[in-house]
Structure formats: C-alpha cells, structure tokens
$ cat work.cif   # mmCIF, C-alpha atoms
data_query
loop_
_atom_site.label_atom_id
_atom_site.label_comp_id
_atom_site.auth_asym_id
_atom_site.auth_seq_id
_atom_site.Cartn_x
_atom_site.Cartn_y
_atom_site.Cartn_z
CA VAL K 1 17.31 10.18 -3.91
CA LEU K 2 13.83 11.70 -3.88
CA GLY K 3 11.05 9.48 -2.59
CA ALA K 4 13.46 7.44 -0.45
CA THR K 5 10.73 6.48 2.01
CA GLY K 6 8.45 4.98 -0.67
CA GLY K 7 7.92 1.49 -2.02
CA CYS K 8 10.41 1.88 -4.88
CA GLY K 9 12.74 4.48 -3.40
CA ALA K 10 13.46 2.63 -0.15
CA PRO K 11 14.77 -0.56 -1.79
CA CYS K 12 16.75 1.53 -4.26
CA LEU K 13 18.33 3.44 -1.37
CA LEU K 14 19.27 0.22 0.40
CA ARG K 15 20.85 -1.29 -2.74
CA LEU K 16 22.91 1.85 -3.29
CA LEU K 17 24.16 1.85 0.30
CA GLU K 18 24.97 -1.86 0.09
CA ARG K 19 27.15 -1.08 -2.94
CA GLY K 20 29.11 1.59 -1.11
CA VAL K 21 27.50 4.57 -2.83
CA GLU K 22 27.38 7.86 -0.93
CA VAL K 23 23.74 8.92 -1.00
CA THR K 24 21.90 12.12 -0.13
CA VAL K 25 18.16 11.90 0.47
CA ILE K 26 15.77 14.84 0.75
CA VAL K 27 12.76 13.93 2.87
CA ARG K 28 10.01 15.68 4.81
CA SER K 29 10.83 13.51 7.82
CA ALA K 30 13.63 11.04 8.49
CA ASP K 31 11.38 8.85 10.62
CA ARG K 32 10.07 6.83 7.65
CA LEU K 33 13.47 5.96 6.20
CA PRO K 34 14.25 2.22 6.11
CA ALA K 35 15.63 1.05 9.44
CA ALA K 36 18.70 -0.42 7.73
CA ALA K 37 19.54 2.98 6.25
CA LYS K 38 19.24 5.08 9.41
CA GLY K 39 22.63 6.10 10.73
CA HIS K 40 24.49 4.63 7.74
CA THR K 41 27.87 6.28 7.28
CA ASN K 42 27.27 6.77 3.56
CA LEU K 43 23.87 8.41 4.02
CA LYS K 44 23.27 12.15 4.26
CA VAL K 45 19.74 13.12 5.23
CA VAL K 46 18.36 16.53 4.30
CA VAL K 47 15.05 17.26 6.03
CA ALA K 48 12.79 19.67 4.15
CA PRO K 49 9.52 19.80 6.13
CA GLU K 50 7.71 21.63 3.31
CA GLY K 51 9.09 19.27 0.68
CA HIS K 52 11.89 19.65 -1.85
CA LEU K 53 9.67 21.70 -4.17
CA ALA K 54 9.75 24.48 -1.58
CA LEU K 55 13.49 24.87 -2.24
CA ARG K 56 14.79 27.43 -4.71
CA VAL K 57 16.77 26.09 -7.65
CA ASP K 58 20.06 27.29 -6.13
CA GLU K 59 19.18 25.70 -2.78
CA PHE K 60 18.37 22.40 -4.44
CA ALA K 61 21.50 22.65 -6.61
CA ALA K 62 23.63 22.99 -3.46
CA HIS K 63 22.44 19.55 -2.34
CA LEU K 64 22.99 18.18 -5.85
CA ARG K 65 26.54 19.48 -6.18
CA GLY K 66 29.04 16.64 -6.59
CA ALA K 67 26.39 14.03 -7.34
CA ASP K 68 26.56 12.03 -10.57
CA ALA K 69 23.01 10.68 -10.44
CA VAL K 70 19.54 11.51 -9.11
CA VAL K 71 16.79 8.97 -8.52
CA SER K 72 13.23 10.26 -8.39
CA SER K 73 10.77 7.61 -7.26
CA LEU K 74 8.08 10.07 -6.31
CA GLY K 75 4.37 9.43 -6.53
CA HIS K 76 1.09 10.74 -5.19
CA ASN K 77 -0.52 9.26 -2.09
CA LEU K 78 -3.75 7.52 -3.09
CA THR K 79 -5.89 9.55 -0.72
CA PHE K 80 -8.31 12.39 -1.44
CA LYS K 81 -5.71 14.91 -0.25
CA GLY K 82 -2.91 13.22 -2.19
CA ILE K 83 -4.92 13.16 -5.41
CA TYR K 84 -6.63 16.56 -5.38
CA PHE K 85 -4.48 18.83 -3.20
CA PRO K 86 -1.04 20.37 -3.86
CA PRO K 87 1.49 19.52 -5.03
CA ARG K 88 -0.68 18.49 -7.98
CA MET K 89 2.29 18.28 -10.37
CA LEU K 90 4.73 16.69 -7.93
CA CYS K 91 6.47 14.39 -10.41
CA VAL K 92 6.98 16.68 -13.39
CA ASP K 93 7.80 19.73 -11.24
CA SER K 94 10.44 17.65 -9.42
CA VAL K 95 11.99 16.58 -12.72
CA ARG K 96 11.96 20.21 -13.87
CA LEU K 97 13.69 21.28 -10.64
CA ILE K 98 16.37 18.62 -11.09
CA CYS K 99 16.99 19.64 -14.71
CA ASP K 100 17.14 23.34 -13.81
CA ALA K 101 19.62 22.60 -11.03
CA ALA K 102 21.77 20.50 -13.36
CA ARG K 103 21.80 23.30 -15.92
CA GLN K 104 22.89 25.72 -13.19
CA LEU K 105 25.66 23.40 -11.97
CA ALA K 106 26.78 22.51 -15.51
CA PRO K 107 28.66 19.29 -14.58
CA SER K 108 31.32 18.12 -17.02
CA THR K 109 29.57 14.74 -17.32
CA PRO K 110 25.77 14.70 -17.77
CA LEU K 111 23.81 13.91 -14.63
CA ARG K 112 22.13 10.50 -14.66
CA LEU K 113 18.45 11.08 -13.90
CA VAL K 114 16.42 7.96 -13.14
CA VAL K 115 12.67 8.39 -12.68
CA VAL K 116 9.66 6.15 -12.17
CA SER K 117 7.21 6.70 -15.00
CA THR K 118 4.04 4.83 -15.94
CA GLU K 119 2.86 2.37 -18.57
CA GLY K 120 0.05 4.82 -19.24
CA VAL K 121 2.38 6.96 -21.35
CA ASP K 122 3.74 5.95 -24.76
CA ARG K 123 7.24 6.22 -26.13
CA PRO K 124 7.69 9.61 -27.83
CA ASP K 125 9.06 7.89 -30.95
CA GLY K 126 5.85 5.91 -31.46
CA ALA K 127 7.54 2.50 -31.16
CA ASP K 128 5.05 1.14 -28.60
CA PRO K 129 2.18 -1.02 -29.86
CA LYS K 130 -0.86 1.09 -30.71
CA ARG K 131 -3.46 1.22 -27.96
CA GLY K 132 -7.06 0.28 -28.65
CA LEU K 133 -9.84 2.84 -28.78
CA LEU K 134 -11.30 1.88 -25.38
CA GLU K 135 -7.91 2.09 -23.70
CA ARG K 136 -7.21 5.51 -25.19
CA LEU K 137 -10.65 6.68 -24.10
CA LEU K 138 -10.16 5.42 -20.55
CA LEU K 139 -6.76 7.08 -20.26
CA SER K 140 -8.29 10.36 -21.45
CA VAL K 141 -11.04 10.13 -18.82
CA LEU K 142 -8.53 9.34 -16.08
CA TRP K 143 -6.39 12.28 -17.22
CA LEU K 144 -9.40 14.58 -16.85
CA LEU K 145 -10.59 13.26 -13.49
CA LEU K 146 -7.37 12.39 -11.65
CA PRO K 147 -4.61 15.05 -11.54
CA PRO K 148 -1.85 12.50 -10.69
CA VAL K 149 -2.47 10.74 -14.01
CA GLY K 150 -1.73 13.92 -15.95
CA ASP K 151 1.29 14.59 -13.73
CA ASN K 152 2.77 11.12 -14.28
CA GLU K 153 2.10 11.24 -18.01
CA ALA K 154 3.79 14.65 -18.32
CA VAL K 155 7.18 13.43 -17.07
CA LEU K 156 8.31 11.45 -20.11
CA PRO K 157 7.44 14.10 -22.74
CA TYR K 158 9.23 16.70 -20.62
CA LEU K 159 12.32 14.53 -20.31
CA HIS K 160 12.30 13.70 -24.00
CA THR K 161 12.33 17.40 -24.84
CA GLU K 162 14.64 18.50 -22.03
CA ALA K 163 17.28 15.83 -22.66
CA SER K 164 17.62 17.10 -26.21
CA ALA K 165 18.06 20.69 -25.05
CA ASN K 166 20.00 20.24 -21.80
CA PRO K 167 23.56 18.92 -22.24
CA HIS K 168 23.86 18.36 -18.50
CA VAL K 169 21.15 15.69 -18.09
CA ASP K 170 20.63 12.17 -19.43
CA PHE K 171 17.70 10.13 -18.23
CA VAL K 172 15.98 6.78 -17.95
CA ALA K 173 12.23 6.71 -17.28
CA VAL K 174 11.28 3.29 -15.91
CA ARG K 175 7.74 2.21 -16.81
CA PRO K 176 6.40 -0.42 -14.40
CA SER K 177 3.05 -2.15 -14.80
CA ASP K 178 0.69 -2.76 -11.86
CA MET K 179 2.97 -2.40 -8.85
CA VAL K 180 2.83 -4.75 -5.88
CA ASP K 181 4.79 -5.16 -2.67
CA GLY K 182 7.07 -8.12 -2.07
CA ASP K 183 10.65 -9.29 -2.15
CA GLU K 184 12.88 -9.04 -5.20
CA ARG K 185 12.21 -11.70 -7.80
CA PRO K 186 13.27 -12.37 -11.41
CA TYR K 187 12.20 -9.64 -13.78
CA SER K 188 12.72 -8.53 -17.37
CA VAL K 189 13.13 -5.14 -18.99
CA PHE K 190 11.69 -4.32 -22.41
CA ALA K 191 12.21 -1.42 -24.79
CA THR K 192 8.51 -1.23 -25.64
CA LEU K 193 5.28 -1.86 -23.76
CA GLN K 194 4.38 -5.53 -23.52
CA ASN K 195 0.80 -4.95 -22.35
CA GLY K 196 -1.89 -2.34 -21.95
CA ILE K 197 -3.94 -1.31 -18.96
CA PHE K 198 -6.62 -3.94 -19.70
CA ASN K 199 -4.09 -6.78 -19.65
CA ALA K 200 -1.65 -5.27 -17.19
CA GLY K 201 1.37 -7.20 -15.99
CA GLN K 202 2.97 -7.05 -12.56
CA SER K 203 5.97 -5.11 -11.30
CA THR K 204 7.22 -5.64 -7.76
CA ARG K 205 8.30 -2.36 -6.19
CA ALA K 206 11.50 -3.96 -4.91
CA ASN K 207 12.37 -4.93 -8.48
CA VAL K 208 11.83 -1.37 -9.67
CA GLY K 209 14.13 -0.14 -6.90
CA ALA K 210 16.78 -2.73 -7.75
CA PHE K 211 16.72 -1.81 -11.43
CA MET K 212 17.05 1.89 -10.62
CA ALA K 213 20.06 1.09 -8.44
CA ASP K 214 21.59 -0.85 -11.33
CA LEU K 215 21.09 2.15 -13.60
CA VAL K 216 23.04 4.28 -11.14
CA THR K 217 25.88 1.84 -10.45
CA LYS K 218 26.27 -0.40 -13.52
CA THR K 219 27.68 1.32 -16.59
CA GLU K 220 26.52 -1.37 -18.99
CA VAL K 221 22.92 -1.09 -17.76
CA TRP K 222 22.97 2.69 -18.00
CA THR K 223 24.52 2.64 -21.47
CA LYS K 224 21.85 0.24 -22.74
CA TRP K 225 18.90 2.32 -21.53
CA ARG K 226 20.22 5.90 -21.57
CA ASN K 227 17.59 8.41 -22.72
CA ASP K 228 15.03 5.62 -23.02
CA CYS K 229 11.87 4.51 -21.25
CA PRO K 230 11.94 0.74 -20.68
CA GLN K 231 9.09 -1.26 -19.21
CA LEU K 232 9.88 -3.51 -16.23
CA LEU K 233 7.81 -6.63 -15.66
CA ASP K 234 8.11 -9.43 -13.13
CA ASP K 235 8.87 -12.83 -14.65
CA THR K 236 5.75 -14.43 -13.24
CA LYS K 237 6.53 -17.86 -14.68
CA LYS K 238 9.97 -17.86 -13.11
CA ALA K 239 8.57 -16.65 -9.82
CA ALA K 240 5.90 -19.37 -9.74
#
$ encode --input "work.cif" --output "structure tokens"
Amino acid sequence: VLGATGGCGAPCLLRLLERGVEVTVIVRSADRLPAAAKGHTNLKVVVAPEGHLALRVDEFAAHLRGADAVVSSLGHNLTFKGIYFPPRMLCVDSVRLICDAARQLAPSTPLRLVVVSTEGVDRPDGADPKRGLLERLLLSVLWLLLPPVGDNEAVLPYLHTEASANPHVDFVAVRPSDMVDGDERPYSVFATLQNGIFNAGQSTRANVGAFMADLVTKTEVWTKWRNDCPQLLDDTKKAA
C-alpha cells in the first residue's frame, strides 16, 4: 500500500488487515500509521525517508515481489509546497514505477493495481456524459495553474495505455467526487460519471478505502471493475 497514512489509504489498510491480508506499506515515517495497524503481525513497514520514488525500479520490485495487488492512494498535500514543489508528478510517476516493477517481476498472474483517480478525468472510451463548455474551460485553467490537477488527470490515460501493453498489470482507477472525512456509510459505484464539478457529489474517504479493500480481496468485485474507472458516491439519502 502506498499512501497508507492518508485519508483513503489508512482505512483501506485497516480493512485489509482485518481480513487477514499480509500487507507491506512504504512510508516516509511509520509514526503516522493508524494506531490499530502499528505492530500488527500481518503488517510489514518499509520506511523510505526520501519517498518511494527515490527507489530504483529493482529496489521497488524487491518490495513488490510476492504481492498480488498494489493500492496507491497517493495525493498531493494542499499546501504551497505540496502543490508547487517536487514531486510534482507524484501520482503518475508512482503508477509508472509500479508498472515498471511488475514488468520486471513478470508474475504469472497480472498484478491488481488499485489507484485513486479523480472525477476531473473522463473515461478513455468516451462513455461519460459530455461536459459543458464552462466545466471544460475551468478544468483547463486548473490544469495550467495547479500541477497536481495535471498529475491526477494523467494517471488514467497512462493506465489505459499501459494495461493494454503490459500483460503483468490489471487496474481499477476509482473516481471519487468531493471527498470528506467520516465513518463508512452506504455508497454506490457507477461505471460512468454521475455529476460534474459544478454539481459534485460526496465521497467519504473511508468509503473509498473500503471499496479499494474490496477490490483487493473480493474476486467478484475485482472481476466487475477490472481495467475500468468507476465513480464512487455516498448514498446521501440512505445516510440521512
């Protein structure tokens, strides 16, 4: 798990451990791991003070060896340093590193790669509802002004291309809407976007983490969404 100390990665980590999964996390510091995960017998912690992107492909592949899935719930800190300073392409460079390591390891069964994407990117097959002119214009401006927007939007096109060319990786890119903190609650998963950025829905981070854990551990969930980019939305009426 990459991003195991974050709002989506931490609940995903806990669900995996609760289900008896042996998990390796790569973190800059173990201090921010969830308290319930620290010292768990099924948890291996790899501390990389300079970050996982400082590892060579073969070094990263050594930590990946024997794994059947990777969860990347990485994101940029919403601070001036997090937005404008390196690593500017944290998300897509991490996905590239994972895919390169999988190609090097050449597992007999494709690696399951689960990543957090964004509702700001469209399905590569064009099946999402067409965005309005103002929304497309705003997304273009954000892409120009905010490096993390371009980074997040680059992940899905890369995966779409890489999954076709790399026999050792399958993926699911989860597209949440506006993310909020809170406990798990009922949610739904859709093949296409149900809203745009001007009428955004809500996605609880704990729900995103729970769904990612399901993708790793539940064959029927993985089979349904393999090599796809579903949108996850809280069921606000059910939660009311």
$ resolve_selection --input "work.cif" --expression "the PyMOL selection byres ((chain K and resi 207-216) around 8)" --output "PDB file with C-alpha atoms, keeping the file's coordinate frame"
ATOM      1  CA  CYS K   8      10.410   1.880  -4.880  1.00  0.00           C
ATOM      2  CA  GLY K   9      12.740   4.480  -3.400  1.00  0.00           C
ATOM      3  CA  ALA K  10      13.460   2.630  -0.150  1.00  0.00           C
ATOM      4  CA  PRO K  11      14.770  -0.560  -1.790  1.00  0.00           C
ATOM      5  CA  CYS K  12      16.750   1.530  -4.260  1.00  0.00           C
ATOM      6  CA  LEU K  13      18.330   3.440  -1.370  1.00  0.00           C
ATOM      7  CA  ARG K  15      20.850  -1.290  -2.740  1.00  0.00           C
ATOM      8  CA  LEU K  16      22.910   1.850  -3.290  1.00  0.00           C
ATOM      9  CA  ALA K  69      23.010  10.680 -10.440  1.00  0.00           C
ATOM     10  CA  VAL K  71      16.790   8.970  -8.520  1.00  0.00           C
ATOM     11  CA  ARG K 112      22.130  10.500 -14.660  1.00  0.00           C
ATOM     12  CA  VAL K 114      16.420   7.960 -13.140  1.00  0.00           C
ATOM     13  CA  VAL K 174      11.280   3.290 -15.910  1.00  0.00           C
ATOM     14  CA  PRO K 176       6.400  -0.420 -14.400  1.00  0.00           C
ATOM     15  CA  ASP K 183      10.650  -9.290  -2.150  1.00  0.00           C
ATOM     16  CA  GLU K 184      12.880  -9.040  -5.200  1.00  0.00           C
ATOM     17  CA  ARG K 185      12.210 -11.700  -7.800  1.00  0.00           C
ATOM     18  CA  TYR K 187      12.200  -9.640 -13.780  1.00  0.00           C
ATOM     19  CA  SER K 203       5.970  -5.110 -11.300  1.00  0.00           C
ATOM     20  CA  THR K 204       7.220  -5.640  -7.760  1.00  0.00           C
ATOM     21  CA  ARG K 205       8.300  -2.360  -6.190  1.00  0.00           C
ATOM     22  CA  ALA K 206      11.500  -3.960  -4.910  1.00  0.00           C
ATOM     23  CA  THR K 217      25.880   1.840 -10.450  1.00  0.00           C
ATOM     24  CA  LYS K 218      26.270  -0.400 -13.520  1.00  0.00           C
ATOM     25  CA  THR K 219      27.680   1.320 -16.590  1.00  0.00           C
ATOM     26  CA  VAL K 221      22.920  -1.090 -17.760  1.00  0.00           C
ATOM     27  CA  TRP K 222      22.970   2.690 -18.000  1.00  0.00           C
ATOM     28  CA  LEU K 232       9.880  -3.510 -16.230  1.00  0.00           C
ATOM     29  CA  ASP K 234       8.110  -9.430 -13.130  1.00  0.00           C
TER      30      ASP K 234
END
$ atom_distance --input "work.cif" --atom1 "atom CA of Ala37 of chain K" --atom2 "atom CA of Val70 of chain K"
17.6 Å
$ atom_distance --input "work.cif" --atom1 "atom CA of Asn77 of chain K" --atom2 "atom CA of Ser117 of chain K"
15.3 Å
$ residues_around --input "work.cif" --residues "segment 167-170 of chain K" --least-positions-apart "6" --cutoff "10 Å" --atoms "only C-alpha atoms" --output "compact mmCIF listing (two decimals) with C-alpha atoms, in the coordinates of the input"
# COMPACT_ATOMS: atom_id res chain seq x y z
CA ASP K 68 26.56 12.03 -10.57
CA ALA K 69 23.01 10.68 -10.44
CA ILE K 98 16.37 18.62 -11.09
CA CYS K 99 16.99 19.64 -14.71
CA ASP K 100 17.14 23.34 -13.81
CA ALA K 101 19.62 22.60 -11.03
CA ALA K 102 21.77 20.50 -13.36
CA ARG K 103 21.80 23.30 -15.92
CA GLN K 104 22.89 25.72 -13.19
CA LEU K 105 25.66 23.40 -11.97
CA ALA K 106 26.78 22.51 -15.51
CA PRO K 107 28.66 19.29 -14.58
CA SER K 108 31.32 18.12 -17.02
CA THR K 109 29.57 14.74 -17.32
CA PRO K 110 25.77 14.70 -17.77
CA LEU K 111 23.81 13.91 -14.63
CA ARG K 112 22.13 10.50 -14.66
CA LEU K 113 18.45 11.08 -13.90
CA VAL K 114 16.42 7.96 -13.14
CA LEU K 159 12.32 14.53 -20.31
CA HIS K 160 12.30 13.70 -24.00
CA TRP K 222 22.97 2.69 -18.00
CA ARG K 226 20.22 5.90 -21.57
CA ASN K 227 17.59 8.41 -22.72
CA ASP K 228 15.03 5.62 -23.02
$ resolve_selection --input "work.cif" --expression "the PyMOL selection byres ((chain K and resi 147) around 8)" --output "VMD selection string"
chain K and resid 83 to 84 88 to 89 143 to 146 148 to 151
$ write_last_selection --input "work.cif" --atoms "C-alpha atoms" --output "CSV table (one decimal), keeping the file's coordinate frame"
chain,number,residue,atom,x,y,z
K,83,ILE,CA,-4.9,13.2,-5.4
K,84,TYR,CA,-6.6,16.6,-5.4
K,88,ARG,CA,-0.7,18.5,-8.0
K,89,MET,CA,2.3,18.3,-10.4
K,143,TRP,CA,-6.4,12.3,-17.2
K,144,LEU,CA,-9.4,14.6,-16.8
K,145,LEU,CA,-10.6,13.3,-13.5
K,146,LEU,CA,-7.4,12.4,-11.6
K,148,PRO,CA,-1.8,12.5,-10.7
K,149,VAL,CA,-2.5,10.7,-14.0
K,150,GLY,CA,-1.7,13.9,-16.0
K,151,ASP,CA,1.3,14.6,-13.7
$ closest_residue --input "work.cif" --among "K:Leu55, K:Leu14, K:Arg96, K:Tyr158" --to "Lys38 of chain K" --atoms "all atoms listed in the file"
K:Leu14
$ resolve_selection --input "work.cif" --expression "the PyMOL selection byres ((chain K and resi 47) around 6)" --output "ChimeraX atom specification"
/K:26-29,46,48
$ residues_around --input "work.cif" --residues "Lys130 of chain K" --least-positions-apart "5" --cutoff "12 Å" --atoms "only C-alpha atoms" --output "ChimeraX atom specification"
/K:121-123,135-136,192-196
$ write_last_selection --input "work.cif" --atoms "C-alpha atoms" --output "PDB file, keeping the file's coordinate frame"
ATOM      1  CA  VAL K 121       2.380   6.960 -21.350  1.00  0.00           C
ATOM      2  CA  ASP K 122       3.740   5.950 -24.760  1.00  0.00           C
ATOM      3  CA  ARG K 123       7.240   6.220 -26.130  1.00  0.00           C
ATOM      4  CA  GLU K 135      -7.910   2.090 -23.700  1.00  0.00           C
ATOM      5  CA  ARG K 136      -7.210   5.510 -25.190  1.00  0.00           C
ATOM      6  CA  THR K 192       8.510  -1.230 -25.640  1.00  0.00           C
ATOM      7  CA  LEU K 193       5.280  -1.860 -23.760  1.00  0.00           C
ATOM      8  CA  GLN K 194       4.380  -5.530 -23.520  1.00  0.00           C
ATOM      9  CA  ASN K 195       0.800  -4.950 -22.350  1.00  0.00           C
ATOM     10  CA  GLY K 196      -1.890  -2.340 -21.950  1.00  0.00           C
TER      11      GLY K 196
END
$ atom_distance --input "work.cif" --atom1 "atom CA of Gly75 of chain K" --atom2 "atom CA of Val141 of chain K"
19.7 Å
$ build_atoms --input "work.cif" --residues "segment 6-33 of chain K" --atoms "N, CA and C atoms" --output "compact mmCIF listing (two decimals), keeping the file's coordinate frame"
# COMPACT_ATOMS: atom_id res chain seq x y z
N GLY K 6 9.53 5.67 0.03
CA GLY K 6 8.45 4.98 -0.67
C GLY K 6 8.77 3.55 -1.05
N GLY K 7 7.80 2.91 -1.70
CA GLY K 7 7.92 1.49 -2.02
C GLY K 7 8.99 1.16 -3.02
N CYS K 8 9.31 2.09 -3.93
CA CYS K 8 10.41 1.88 -4.88
C CYS K 8 11.69 2.55 -4.41
N GLY K 9 11.56 3.73 -3.81
CA GLY K 9 12.74 4.48 -3.40
C GLY K 9 13.50 3.84 -2.26
N ALA K 10 12.78 3.25 -1.30
CA ALA K 10 13.46 2.63 -0.15
C ALA K 10 14.35 1.47 -0.56
N PRO K 11 13.86 0.51 -1.37
CA PRO K 11 14.77 -0.56 -1.79
C PRO K 11 15.91 -0.07 -2.66
N CYS K 12 15.66 0.95 -3.47
CA CYS K 12 16.75 1.53 -4.26
C CYS K 12 17.81 2.11 -3.34
N LEU K 13 17.39 2.86 -2.34
CA LEU K 13 18.33 3.44 -1.37
C LEU K 13 19.17 2.36 -0.72
N LEU K 14 18.54 1.29 -0.27
CA LEU K 14 19.27 0.22 0.40
C LEU K 14 20.28 -0.44 -0.53
N ARG K 15 19.91 -0.68 -1.78
CA ARG K 15 20.85 -1.29 -2.74
C ARG K 15 22.05 -0.37 -2.96
N LEU K 16 21.81 0.92 -3.07
CA LEU K 16 22.91 1.85 -3.29
C LEU K 16 23.86 1.86 -2.09
N LEU K 17 23.31 1.87 -0.90
CA LEU K 17 24.16 1.85 0.30
C LEU K 17 24.93 0.55 0.40
N GLU K 18 24.29 -0.57 0.06
CA GLU K 18 24.97 -1.86 0.09
C GLU K 18 26.16 -1.88 -0.87
N ARG K 19 26.08 -1.10 -1.94
CA ARG K 19 27.15 -1.08 -2.94
C ARG K 19 28.19 0.01 -2.67
N GLY K 20 28.10 0.61 -1.51
CA GLY K 20 29.11 1.59 -1.11
C GLY K 20 28.93 2.96 -1.69
N VAL K 21 27.75 3.27 -2.22
CA VAL K 21 27.50 4.57 -2.83
C VAL K 21 27.17 5.59 -1.73
N GLU K 22 27.74 6.77 -1.84
CA GLU K 22 27.38 7.86 -0.93
C GLU K 22 26.08 8.49 -1.44
N VAL K 23 25.08 8.53 -0.58
CA VAL K 23 23.74 8.92 -1.00
C VAL K 23 23.24 10.08 -0.13
N THR K 24 22.62 11.06 -0.81
CA THR K 24 21.90 12.12 -0.13
C THR K 24 20.41 11.93 -0.39
N VAL K 25 19.60 11.97 0.63
CA VAL K 25 18.16 11.90 0.47
C VAL K 25 17.56 13.21 0.97
N ILE K 26 16.53 13.67 0.30
CA ILE K 26 15.77 14.84 0.75
C ILE K 26 14.38 14.35 1.11
N VAL K 27 14.02 14.48 2.37
CA VAL K 27 12.76 13.93 2.87
C VAL K 27 12.07 14.97 3.75
N ARG K 28 10.75 14.82 3.88
CA ARG K 28 10.01 15.68 4.81
C ARG K 28 10.31 15.30 6.26
N SER K 29 10.51 14.01 6.49
CA SER K 29 10.83 13.51 7.82
C SER K 29 11.72 12.28 7.68
N ALA K 30 12.73 12.18 8.54
CA ALA K 30 13.63 11.04 8.49
C ALA K 30 13.05 9.81 9.16
N ASP K 31 11.93 9.95 9.83
CA ASP K 31 11.38 8.85 10.62
C ASP K 31 11.00 7.66 9.76
N ARG K 32 10.58 7.91 8.50
CA ARG K 32 10.07 6.83 7.65
C ARG K 32 11.14 6.20 6.78
N LEU K 33 12.39 6.60 6.94
CA LEU K 33 13.47 5.96 6.20
C LEU K 33 13.61 4.50 6.63
